[in-house]
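Engineer: Can you read through this structure? Questions will come right after.
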Amino acid sequence: MSAEAVGAGQDTYEGGLRRVARVVLLDPQDRILLLHGHEPDDPADAWWFTPGGGVEGDETREQAALRELAEETGITEVELGPVLWRRRCSFPFAGRRWDQDEWYYLARTERTAVAATGLTELERRSVAGARWWTCPELDRAHETVYPTRLAGLLRTLLDEGPPARPVILDPEIV
């Protein structure tokens with residue numbers, strides 16, 4: 001399924017789940033930044049996903065979110081907001097199964113230029129680029145996007161603001 005898992009080297013696991021921090025990065029026009037990933041050996045098996053990845057060593061999820069955002073986009077001038085959503089997911093990628101506990105942090109940026117300067121070798125083989133999406137574009141998208149309800153989640157976020165507590169999303173098993 002997903003390049004969401006591609007940085008796992010010395011990632012931290014808890015209860016058998018890979019601990020992951022993701023970033024819902026919004027620009028001044030309320031567009032969300034998504035990365036375009038695919039299976040390393042099959043570019044036709046593709047999807048869109050939020051920046052982020054596994055917690056390494058003793059770093060916090062917040063530190064992991066900021067590190068991953070910098071590595072995958074080159075964007076460093078952000079302040080993380082609250083955790084919006086939490087999701088457990090399980091999917092095959094690059095010849096193995098990934099079981100993850102993902103936390104999605106809100107962040108905003110003025111910068112829209114993206115430069116993926118810190119990708120791992122596996123990420124270089126499976127991340128094909130990035131794009132800023134409006135909510136209506138996500139609503140109309142025919143491509144696969146993770147989490148699967150992202151368009152509706154983004155619309156609720158833009159209409160109502162961040163939730164008082166993280167919303168627990170339905171598990172996704174692919």
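Scheme for the structure tokens: letters A, B, ... for chains in order shown; per-chain residue numbers from 1; ligand numbers from 1 in order shown.
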Counting only C-alpha atoms, what is within 10 Å of A:Pro147, bar same-chain residues fewer than 3 positions away, as an MDAnalysis selection string?

Structural biologist: chainID A and resid 48:50 87 89 144 150:151 153 169:172

Engineer: Convert the current residue selection to file output with N, CA, C and O atoms, as an mmCIF file, in the first residue's frame.

Structural biologist:
```cif
data_model
loop_
_atom_site.group_PDB
_atom_site.id
_atom_site.type_symbol
_atom_site.label_atom_id
_atom_site.label_comp_id
_atom_site.auth_asym_id
_atom_site.auth_seq_id
_atom_site.Cartn_x
_atom_site.Cartn_y
_atom_site.Cartn_z
ATOM 1 N N TRP A 48 -1.604 8.679 -2.729
ATOM 2 C CA TRP A 48 -1.201 9.945 -2.117
ATOM 3 C C TRP A 48 -1.303 9.808 -0.603
ATOM 4 O O TRP A 48 -2.191 9.119 -0.099
ATOM 5 N N PHE A 49 -0.412 10.486 0.122
ATOM 6 C CA PHE A 49 -0.392 10.377 1.581
ATOM 7 C C PHE A 49 0.251 11.618 2.194
ATOM 8 O O PHE A 49 0.965 12.361 1.530
ATOM 9 N N THR A 50 0.004 11.822 3.483
ATOM 10 C CA THR A 50 0.568 12.969 4.194
ATOM 11 C C THR A 50 2.028 12.707 4.533
ATOM 12 O O THR A 50 2.431 11.560 4.751
ATOM 13 N N ARG A 87 -4.911 6.843 13.909
ATOM 14 C CA ARG A 87 -5.353 5.742 13.049
ATOM 15 C C ARG A 87 -4.400 4.567 13.209
ATOM 16 O O ARG A 87 -3.189 4.732 13.277
ATOM 17 N N CYS A 89 -3.294 1.157 11.143
ATOM 18 C CA CYS A 89 -3.394 0.624 9.786
ATOM 19 C C CYS A 89 -2.404 -0.526 9.617
ATOM 20 O O CYS A 89 -1.443 -0.659 10.364
ATOM 21 N N THR A 144 -6.021 6.944 -5.251
ATOM 22 C CA THR A 144 -6.091 6.467 -3.870
ATOM 23 C C THR A 144 -5.395 7.487 -2.974
ATOM 24 O O THR A 144 -4.291 7.938 -3.271
ATOM 25 N N LEU A 150 -9.823 11.274 3.798
ATOM 26 C CA LEU A 150 -9.112 12.534 3.997
ATOM 27 C C LEU A 150 -9.907 13.750 3.529
ATOM 28 O O LEU A 150 -9.913 14.779 4.198
ATOM 29 N N ALA A 151 -10.591 13.678 2.406
ATOM 30 C CA ALA A 151 -11.350 14.834 1.909
ATOM 31 C C ALA A 151 -12.385 15.298 2.941
ATOM 32 O O ALA A 151 -12.477 16.488 3.240
ATOM 33 N N LEU A 153 -12.425 14.592 6.197
ATOM 34 C CA LEU A 153 -11.721 15.016 7.405
ATOM 35 C C LEU A 153 -11.189 16.443 7.250
ATOM 36 O O LEU A 153 -11.292 17.254 8.172
ATOM 37 N N LEU A 169 -9.795 7.416 14.018
ATOM 38 C CA LEU A 169 -10.295 6.970 12.726
ATOM 39 C C LEU A 169 -10.454 5.459 12.715
ATOM 40 O O LEU A 169 -9.780 4.741 13.473
ATOM 41 N N ASP A 170 -11.330 4.972 11.861
ATOM 42 C CA ASP A 170 -11.493 3.530 11.702
ATOM 43 C C ASP A 170 -10.168 2.914 11.261
ATOM 44 O O ASP A 170 -9.453 3.507 10.436
ATOM 45 N N PRO A 171 -9.831 1.734 11.769
ATOM 46 C CA PRO A 171 -8.607 1.069 11.300
ATOM 47 C C PRO A 171 -8.710 0.782 9.802
ATOM 48 O O PRO A 171 -9.801 0.565 9.273
ATOM 49 N N GLU A 172 -7.569 0.839 9.130
ATOM 50 C CA GLU A 172 -7.517 0.500 7.714
ATOM 51 C C GLU A 172 -6.580 -0.686 7.547
ATOM 52 O O GLU A 172 -5.415 -0.606 7.924
#
```

Engineer: Could you check the closest approach to A:Arg125 for each of A:His38, A:His142, A:Arg18, A:Arg88 and tell me which residue wins, using only C-alpha atoms?

Structural biologist: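 Between A:His38, A:His142, A:Arg18, A:Arg88, the residue approaching A:Arg125 most closely is A:His38.
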
Engineer: Enumerate the residues of chain A with a DSSP assignment of strand (DSSP E or B), computed from the backbone, and present them as JSON, numbers by chain.

Structural biologist: {"A": [11, 13, 14, 17, 18, 19, 20, 21, 22, 23, 24, 25, 26, 32, 33, 34, 35, 36, 37, 38, 39, 42, 43, 44, 45, 46, 47, 48, 49, 52, 53, 54, 56, 80, 81, 82, 83, 84, 85, 86, 87, 88, 89, 90, 91, 92, 93, 96, 97, 98, 99, 100, 101, 102, 103, 104, 105, 106, 107, 108, 127, 128, 129, 130, 131, 132, 133, 145, 146, 167, 168, 172, 173]}

Engineer: Between A:Gly152, A:Gly53, A:Gly95, A:Pro136, which has the minimum distance to A:Glu39 (counting only C-alpha atoms)?

Structural biologist: A:Gly95
